[in-house]
Amino acid sequence: MKKASLAKYLKYEIFPRQENQFPLPWTDIFGRSAPLYVEIGFGNGVFLINWAREQPEGNFIGIEISLESMAKAQKGIFQEGITNIRVIHEDARFALREFFADNSIRHIMMNFPDPWPKERHRERRALSPAFVQILGTVLESDGIFELVTDQEWYAQDAQELCQQFAFLAVEKVEKNPHRPVQTKYEKKWRQLGRDIFRLVARKVQPTTVERIIEGGEMPHVFIPDIPITFEHIQSLENMQGEGPNQFFIIKESYATPDGQKFLLLTITRDFDYQQKFYITVVARQNGWIAKLESTTQPYRTAAVKMAVQAVGQKLLSRNNEAIK
């Protein structure tokens, strides 16, 4: 596909890393206030497109980790002329928790997630106690979480998990439910006479969850004018820091030929969410500034801010030593 033709399709994606407000301002993003519907793992986008077409009064958000699926779905959205869909390339567990306010989503759909049947792979399953807590937080009162799978044991396992939480009213697992909108896979499966299982849970009590994106101004530290060389920057490699639920490490360093800009490859972790990005130390008229390098755009979490501050403070301490 030519770049020019591809560009006209790739206009339904939103880029949360470029946003300053969290949870995201969905009314502004869609240009209207409407109930929110979310599909987790939308694949080729056929279900999401048909779902949005069936309910034009809603704002629909698809969350997916496959870049190929992102491209395919956006092409389909464009060709079908659907205007009430936006898509996000992100881990759904993180996206639901960070991008949506409490009590804000009417319906969360999960179609045929990978069940990861082996016990040693249990932690890879989308459903977990932490994820159910997120569902209970972001669903509106009487909002629905719907899971559809071709694995009965997985539906039963999900039912047992959801029943552990008082904020959800969990229905019985339904075999071969009537669904006005179906996935391409589901239609094929039904034509072969194979069974489909659905679990529906409704939110009946409020709950909440701790979020990690702090937003606010770009973290930075100003260092008064002293010589800073690449050797000084290299000395920061392997520097680490940690907080109650945060961690960072400086892995590698780079310099421009003129020695006026340095990059530090940094890895952070906030709870279970890891990010990799660059901190830059760049010359200014009256000194240096340590800040986030703009091209990598990490979410501004406590660990990210901690890393920038640590780099700046380390260089500031060198400045204080030079003054003495």
# chains A, B, ... in the order shown; residues from 1 in each chain; ligands from 1
call {"tool": "select_by_dssp", "arguments": {"residues": "range 48-287 of chain A", "states": "strand (DSSP E)", "output": "PyMOL selection string"}}
result
chain A and resi 59-64+85-89+105-111+139-149+168-170+174-175+197-203+220-224+240-242+246-255+261-270+273-284+287
call {"tool": "select_by_dssp", "arguments": {"residues": "range 45-277 of chain A", "states": "alpha helix (DSSP H)", "output": "number ranges by chain"}}
result
A: 46-54, 67-80, 92-99, 129-138, 152-162, 184-191, 230-234
call {"tool": "closest_atom_pairs", "arguments": {"of": "range 61-174 of chain A", "to": "range 16-38 of chain A", "cutoff": "10 Å", "atoms": "only C-alpha atoms", "output": "JSON lines"}}
result
{"residue": "A:Ile61", "atom": "CA", "partner": "A:Val38", "partner_atom": "CA", "distance": 4.8}
{"residue": "A:Gly62", "atom": "CA", "partner": "A:Val38", "partner_atom": "CA", "distance": 5.7}
{"residue": "A:Ile63", "atom": "CA", "partner": "A:Val38", "partner_atom": "CA", "distance": 7.5}
{"residue": "A:Thr83", "atom": "CA", "partner": "A:Phe30", "partner_atom": "CA", "distance": 8.9}
{"residue": "A:Asn84", "atom": "CA", "partner": "A:Phe30", "partner_atom": "CA", "distance": 7.2}
{"residue": "A:Ile85", "atom": "CA", "partner": "A:Phe30", "partner_atom": "CA", "distance": 8.4}
{"residue": "A:Arg86", "atom": "CA", "partner": "A:Phe30", "partner_atom": "CA", "distance": 8.2}
{"residue": "A:Val87", "atom": "CA", "partner": "A:Val38", "partner_atom": "CA", "distance": 9.6}
{"residue": "A:Ile88", "atom": "CA", "partner": "A:Pro16", "partner_atom": "CA", "distance": 8.0}
{"residue": "A:His89", "atom": "CA", "partner": "A:Pro16", "partner_atom": "CA", "distance": 9.3}
{"residue": "A:Glu90", "atom": "CA", "partner": "A:Pro16", "partner_atom": "CA", "distance": 9.3}
{"residue": "A:Ala95", "atom": "CA", "partner": "A:Pro16", "partner_atom": "CA", "distance": 9.2}
{"residue": "A:Leu96", "atom": "CA", "partner": "A:Val38", "partner_atom": "CA", "distance": 9.0}
{"residue": "A:Arg97", "atom": "CA", "partner": "A:Pro23", "partner_atom": "CA", "distance": 8.6}
{"residue": "A:Glu98", "atom": "CA", "partner": "A:Pro23", "partner_atom": "CA", "distance": 5.9}
{"residue": "A:Phe99", "atom": "CA", "partner": "A:Pro23", "partner_atom": "CA", "distance": 4.3}
{"residue": "A:Phe100", "atom": "CA", "partner": "A:Pro23", "partner_atom": "CA", "distance": 5.0}
{"residue": "A:Ala101", "atom": "CA", "partner": "A:Pro23", "partner_atom": "CA", "distance": 5.5}
{"residue": "A:Asp102", "atom": "CA", "partner": "A:Pro23", "partner_atom": "CA", "distance": 9.0}
{"residue": "A:Ser104", "atom": "CA", "partner": "A:Leu36", "partner_atom": "CA", "distance": 6.9}
{"residue": "A:Ile105", "atom": "CA", "partner": "A:Leu36", "partner_atom": "CA", "distance": 4.9}
{"residue": "A:Arg106", "atom": "CA", "partner": "A:Leu36", "partner_atom": "CA", "distance": 5.6}
{"residue": "A:His107", "atom": "CA", "partner": "A:Tyr37", "partner_atom": "CA", "distance": 5.0}
{"residue": "A:Ile108", "atom": "CA", "partner": "A:Val38", "partner_atom": "CA", "distance": 4.8}
{"residue": "A:Met109", "atom": "CA", "partner": "A:Val38", "partner_atom": "CA", "distance": 6.1}
{"residue": "A:Met110", "atom": "CA", "partner": "A:Val38", "partner_atom": "CA", "distance": 8.7}
{"residue": "A:Leu139", "atom": "CA", "partner": "A:Leu36", "partner_atom": "CA", "distance": 9.4}
{"residue": "A:Glu140", "atom": "CA", "partner": "A:Leu36", "partner_atom": "CA", "distance": 9.4}
{"residue": "A:Gly143", "atom": "CA", "partner": "A:Tyr37", "partner_atom": "CA", "distance": 9.8}
{"residue": "A:Ile144", "atom": "CA", "partner": "A:Tyr37", "partner_atom": "CA", "distance": 9.6}
{"residue": "A:Phe145", "atom": "CA", "partner": "A:Val38", "partner_atom": "CA", "distance": 9.6}
call {"tool": "closest_residue", "arguments": {"among": "A:Ile65, A:Ala155, A:Ala283, A:Ile49", "to": "Gly81 in chain A", "atoms": "only C-alpha atoms"}}
result
A:Ile49
call {"tool": "residues_around", "arguments": {"residues": "Met239 in chain A", "least_positions_apart": "5", "cutoff": "8 Å", "atoms": "only C-alpha atoms", "output": "compact mmCIF listing (two decimals) with all heavy atoms, in the first residue's frame"}}
result
# COMPACT_ATOMS: atom_id res chain seq x y z
N ILE A 249 16.35 2.84 36.22
CA ILE A 249 17.77 2.57 36.00
C ILE A 249 18.21 3.27 34.72
O ILE A 249 17.47 3.28 33.74
CB ILE A 249 18.07 1.06 35.94
CG1 ILE A 249 19.58 0.83 35.77
CG2 ILE A 249 17.28 0.37 34.83
CD1 ILE A 249 19.99 -0.63 35.95
N ILE A 250 19.39 3.87 34.75
CA ILE A 250 20.00 4.48 33.57
C ILE A 250 20.86 3.41 32.91
O ILE A 250 21.78 2.86 33.54
CB ILE A 250 20.87 5.70 33.93
CG1 ILE A 250 20.08 6.70 34.79
CG2 ILE A 250 21.42 6.34 32.67
CD1 ILE A 250 18.88 7.29 34.10
N LYS A 251 20.58 3.10 31.65
CA LYS A 251 21.23 1.97 31.00
C LYS A 251 22.41 2.37 30.11
O LYS A 251 23.47 1.78 30.17
CB LYS A 251 20.21 1.19 30.16
CG LYS A 251 19.09 0.58 30.98
CD LYS A 251 19.60 -0.50 31.93
CE LYS A 251 20.06 -1.74 31.19
NZ LYS A 251 20.48 -2.81 32.11
call {"tool": "closest_residue", "arguments": {"among": "A:Met218, A:Ala73, A:Val311, A:Val204", "to": "Ser235 in chain A", "atoms": "only C-alpha atoms"}}
result
A:Val311
call {"tool": "residues_around", "arguments": {"residues": "Pro129 in chain A", "least_positions_apart": "4", "cutoff": "10 Å", "atoms": "only C-alpha atoms", "output": "PyMOL selection string"}}
result
chain A and resi 133-135+161-162+164-165
call {"tool": "write_last_selection", "arguments": {"atoms": "all heavy atoms", "output": "CSV table (one decimal), in the first residue's frame"}}
result
chain,number,residue,atom,x,y,z
A,133,GLN,N,-10.7,-5.4,39.3
A,133,GLN,CA,-10.8,-4.2,40.1
A,133,GLN,C,-10.8,-3.0,39.2
A,133,GLN,O,-11.6,-2.0,39.4
A,133,GLN,CB,-9.6,-4.0,41.0
A,133,GLN,CG,-9.7,-2.9,42.0
A,133,GLN,CD,-10.7,-3.1,43.1
A,133,GLN,OE1,-10.8,-4.2,43.6
A,133,GLN,NE2,-11.5,-2.1,43.4
A,134,ILE,N,-10.1,-3.0,38.1
A,134,ILE,CA,-10.1,-1.9,37.1
A,134,ILE,C,-11.5,-1.8,36.4
A,134,ILE,O,-12.1,-0.7,36.3
A,134,ILE,CB,-9.0,-2.1,36.1
A,134,ILE,CG1,-7.6,-1.9,36.7
A,134,ILE,CG2,-9.2,-1.0,34.9
A,134,ILE,CD1,-6.5,-2.4,35.8
A,135,LEU,N,-12.0,-3.0,36.0
A,135,LEU,CA,-13.3,-3.0,35.4
A,135,LEU,C,-14.4,-2.4,36.4
A,135,LEU,O,-15.2,-1.6,35.9
A,135,LEU,CB,-13.7,-4.5,35.2
A,135,LEU,CG,-13.0,-5.2,34.1
A,135,LEU,CD1,-13.5,-6.7,34.0
A,135,LEU,CD2,-13.2,-4.6,32.7
A,161,LEU,N,-13.8,-15.9,39.1
A,161,LEU,CA,-13.0,-14.7,39.5
A,161,LEU,C,-13.9,-13.5,39.8
A,161,LEU,O,-13.8,-12.9,40.8
A,161,LEU,CB,-12.0,-14.5,38.4
A,161,LEU,CG,-11.2,-13.2,38.5
A,161,LEU,CD1,-10.3,-13.3,39.8
A,161,LEU,CD2,-10.3,-13.0,37.3
A,162,CYS,N,-14.8,-13.2,38.9
A,162,CYS,CA,-15.7,-12.0,39.0
A,162,CYS,C,-16.6,-12.1,40.2
A,162,CYS,O,-16.9,-11.1,40.8
A,162,CYS,CB,-16.5,-11.8,37.7
A,162,CYS,SG,-15.5,-11.3,36.3
A,164,GLN,N,-15.9,-13.1,43.0
A,164,GLN,CA,-15.2,-12.7,44.3
A,164,GLN,C,-15.3,-11.3,44.6
A,164,GLN,O,-14.9,-10.9,45.7
A,164,GLN,CB,-13.7,-13.1,44.1
A,164,GLN,CG,-13.4,-14.6,43.9
A,164,GLN,CD,-11.9,-14.8,43.6
A,164,GLN,OE1,-11.1,-14.0,44.0
A,164,GLN,NE2,-11.6,-15.9,42.9
A,165,PHE,N,-15.9,-10.5,43.7
A,165,PHE,CA,-16.0,-9.0,44.0
A,165,PHE,C,-17.4,-8.6,44.1
A,165,PHE,O,-18.2,-8.8,43.2
A,165,PHE,CB,-15.3,-8.3,42.8
A,165,PHE,CG,-13.8,-8.6,42.7
A,165,PHE,CD1,-13.4,-9.7,42.0
A,165,PHE,CD2,-12.9,-7.7,43.3
A,165,PHE,CE1,-12.0,-10.0,41.9
A,165,PHE,CE2,-11.5,-8.0,43.2
A,165,PHE,CZ,-11.1,-9.1,42.5
call {"tool": "residues_around", "arguments": {"residues": "Pro113 in chain A", "least_positions_apart": "6", "cutoff": "10 Å", "atoms": "only C-alpha atoms", "output": "list in words"}}
result
Ile40, Gly41, Phe42, Arg125, Ala126, Leu127, Leu147, Val148, Thr149, Asp150, Gln151 and Tyr154 of chain A
call {"tool": "write_last_selection", "arguments": {"atoms": "N, CA, C and O atoms", "output": "short mmCIF file (atom, residue, chain, number, x, y, z; two decimals), in the first residue's frame"}}
result
data_model
loop_
_atom_site.label_atom_id
_atom_site.label_comp_id
_atom_site.auth_asym_id
_atom_site.auth_seq_id
_atom_site.Cartn_x
_atom_site.Cartn_y
_atom_site.Cartn_z
N ILE A 40 -11.81 -4.59 23.84
CA ILE A 40 -10.43 -4.95 24.14
C ILE A 40 -9.96 -6.00 23.15
O ILE A 40 -10.56 -7.07 23.05
N GLY A 41 -8.90 -5.71 22.41
CA GLY A 41 -8.37 -6.65 21.43
C GLY A 41 -9.31 -6.80 20.25
O GLY A 41 -9.94 -7.84 20.07
N PHE A 42 -9.38 -5.79 19.38
CA PHE A 42 -10.39 -5.78 18.33
C PHE A 42 -9.98 -6.51 17.05
O PHE A 42 -10.75 -6.61 16.11
N ARG A 125 -2.84 -14.19 31.19
CA ARG A 125 -4.26 -14.03 30.88
C ARG A 125 -4.71 -12.60 31.16
O ARG A 125 -4.25 -11.96 32.11
N ALA A 126 -5.61 -12.13 30.31
CA ALA A 126 -6.10 -10.76 30.48
C ALA A 126 -6.83 -10.59 31.80
O ALA A 126 -6.71 -9.55 32.45
N LEU A 127 -7.56 -11.61 32.21
CA LEU A 127 -8.35 -11.51 33.43
C LEU A 127 -7.51 -11.88 34.65
O LEU A 127 -6.86 -12.92 34.68
N LEU A 147 -17.70 -11.02 28.21
CA LEU A 147 -16.62 -11.88 27.73
C LEU A 147 -17.21 -12.98 26.87
O LEU A 147 -18.14 -13.68 27.29
N VAL A 148 -16.69 -13.17 25.66
CA VAL A 148 -17.13 -14.24 24.78
C VAL A 148 -15.92 -15.09 24.42
O VAL A 148 -14.86 -14.57 24.06
N THR A 149 -16.07 -16.40 24.52
CA THR A 149 -14.96 -17.32 24.28
C THR A 149 -15.49 -18.64 23.73
O THR A 149 -16.67 -18.96 23.88
N ASP A 150 -14.59 -19.39 23.10
CA ASP A 150 -14.96 -20.74 22.65
C ASP A 150 -14.47 -21.80 23.62
O ASP A 150 -14.58 -23.00 23.35
N GLN A 151 -13.96 -21.37 24.77
CA GLN A 151 -13.44 -22.28 25.78
C GLN A 151 -14.33 -22.20 27.03
O GLN A 151 -14.30 -21.22 27.76
N TYR A 154 -12.69 -21.52 30.35
CA TYR A 154 -12.22 -20.15 30.52
C TYR A 154 -13.36 -19.25 30.99
O TYR A 154 -13.17 -18.38 31.86
#
call {"tool": "atom_distance", "arguments": {"atom1": "CA of Phe78 in chain A", "atom2": "CA of Gly43 in chain A"}}
result
15.9 Å
call {"tool": "residues_around", "arguments": {"residues": "range 284-289 of chain A", "least_positions_apart": "2", "cutoff": "6 Å", "atoms": "only C-alpha atoms", "output": "PyMOL selection string"}}
result
chain A and resi 221-225+281-282
call {"tool": "closest_residue", "arguments": {"among": "A:Phe94, A:Tyr254, A:Tyr299, A:Phe167", "to": "Pro219 in chain A", "atoms": "only C-alpha atoms"}}
result
A:Tyr299
call {"tool": "residues_around", "arguments": {"residues": "Ile228 in chain A", "least_positions_apart": "2", "cutoff": "9 Å", "atoms": "only C-alpha atoms", "output": "PDB file with N, CA, C and O atoms, in the first residue's frame"}}
result
ATOM      1  N   ASP A 225      25.675  27.045  34.691  1.00  0.00           N
ATOM      2  CA  ASP A 225      26.720  26.877  33.674  1.00  0.00           C
ATOM      3  C   ASP A 225      28.040  26.378  34.254  1.00  0.00           C
ATOM      4  O   ASP A 225      28.769  27.127  34.909  1.00  0.00           O
ATOM      5  N   ILE A 226      28.324  25.087  34.021  1.00  0.00           N
ATOM      6  CA  ILE A 226      29.616  24.488  34.322  1.00  0.00           C
ATOM      7  C   ILE A 226      29.921  23.513  33.190  1.00  0.00           C
ATOM      8  O   ILE A 226      29.017  23.090  32.470  1.00  0.00           O
ATOM      9  N   PHE A 230      31.088  14.231  28.128  1.00  0.00           N
ATOM     10  CA  PHE A 230      30.500  12.911  27.942  1.00  0.00           C
ATOM     11  C   PHE A 230      30.934  11.962  29.056  1.00  0.00           C
ATOM     12  O   PHE A 230      30.176  11.074  29.461  1.00  0.00           O
ATOM     13  N   GLU A 231      32.138  12.165  29.579  1.00  0.00           N
ATOM     14  CA  GLU A 231      32.605  11.314  30.679  1.00  0.00           C
ATOM     15  C   GLU A 231      31.726  11.500  31.921  1.00  0.00           C
ATOM     16  O   GLU A 231      31.414  10.542  32.629  1.00  0.00           O
ATOM     17  N   HIS A 232      31.289  12.725  32.156  1.00  0.00           N
ATOM     18  CA  HIS A 232      30.394  12.979  33.292  1.00  0.00           C
ATOM     19  C   HIS A 232      29.056  12.266  33.075  1.00  0.00           C
ATOM     20  O   HIS A 232      28.484  11.693  34.016  1.00  0.00           O
ATOM     21  N   ILE A 233      28.567  12.315  31.844  1.00  0.00           N
ATOM     22  CA  ILE A 233      27.296  11.669  31.531  1.00  0.00           C
ATOM     23  C   ILE A 233      27.431  10.150  31.636  1.00  0.00           C
ATOM     24  O   ILE A 233      26.550   9.463  32.188  1.00  0.00           O
ATOM     25  N   GLY A 259      29.152  17.837  21.582  1.00  0.00           N
ATOM     26  CA  GLY A 259      29.129  17.784  23.030  1.00  0.00           C
ATOM     27  C   GLY A 259      28.131  18.719  23.678  1.00  0.00           C
ATOM     28  O   GLY A 259      28.231  19.024  24.872  1.00  0.00           O
ATOM     29  N   GLN A 260      27.128  19.146  22.919  1.00  0.00           N
ATOM     30  CA  GLN A 260      26.128  20.076  23.443  1.00  0.00           C
ATOM     31  C   GLN A 260      24.821  19.388  23.824  1.00  0.00           C
ATOM     32  O   GLN A 260      23.914  20.031  24.354  1.00  0.00           O
ATOM     33  N   TRP A 288      22.720  24.175  31.645  1.00  0.00           N
ATOM     34  CA  TRP A 288      22.215  22.952  31.038  1.00  0.00           C
ATOM     35  C   TRP A 288      20.827  22.661  31.590  1.00  0.00           C
ATOM     36  O   TRP A 288      20.468  23.122  32.686  1.00  0.00           O
ATOM     37  N   LEU A 315      23.921  15.894  38.600  1.00  0.00           N
ATOM     38  CA  LEU A 315      24.717  16.902  37.908  1.00  0.00           C
ATOM     39  C   LEU A 315      24.798  18.195  38.720  1.00  0.00           C
ATOM     40  O   LEU A 315      25.835  18.881  38.707  1.00  0.00           O
TER      41      LEU A 315
END
call {"tool": "closest_residue", "arguments": {"among": "A:Gln246, A:Thr256, A:Thr268, A:Gln240", "to": "Lys314 in chain A", "atoms": "only C-alpha atoms"}}
result
A:Gln240
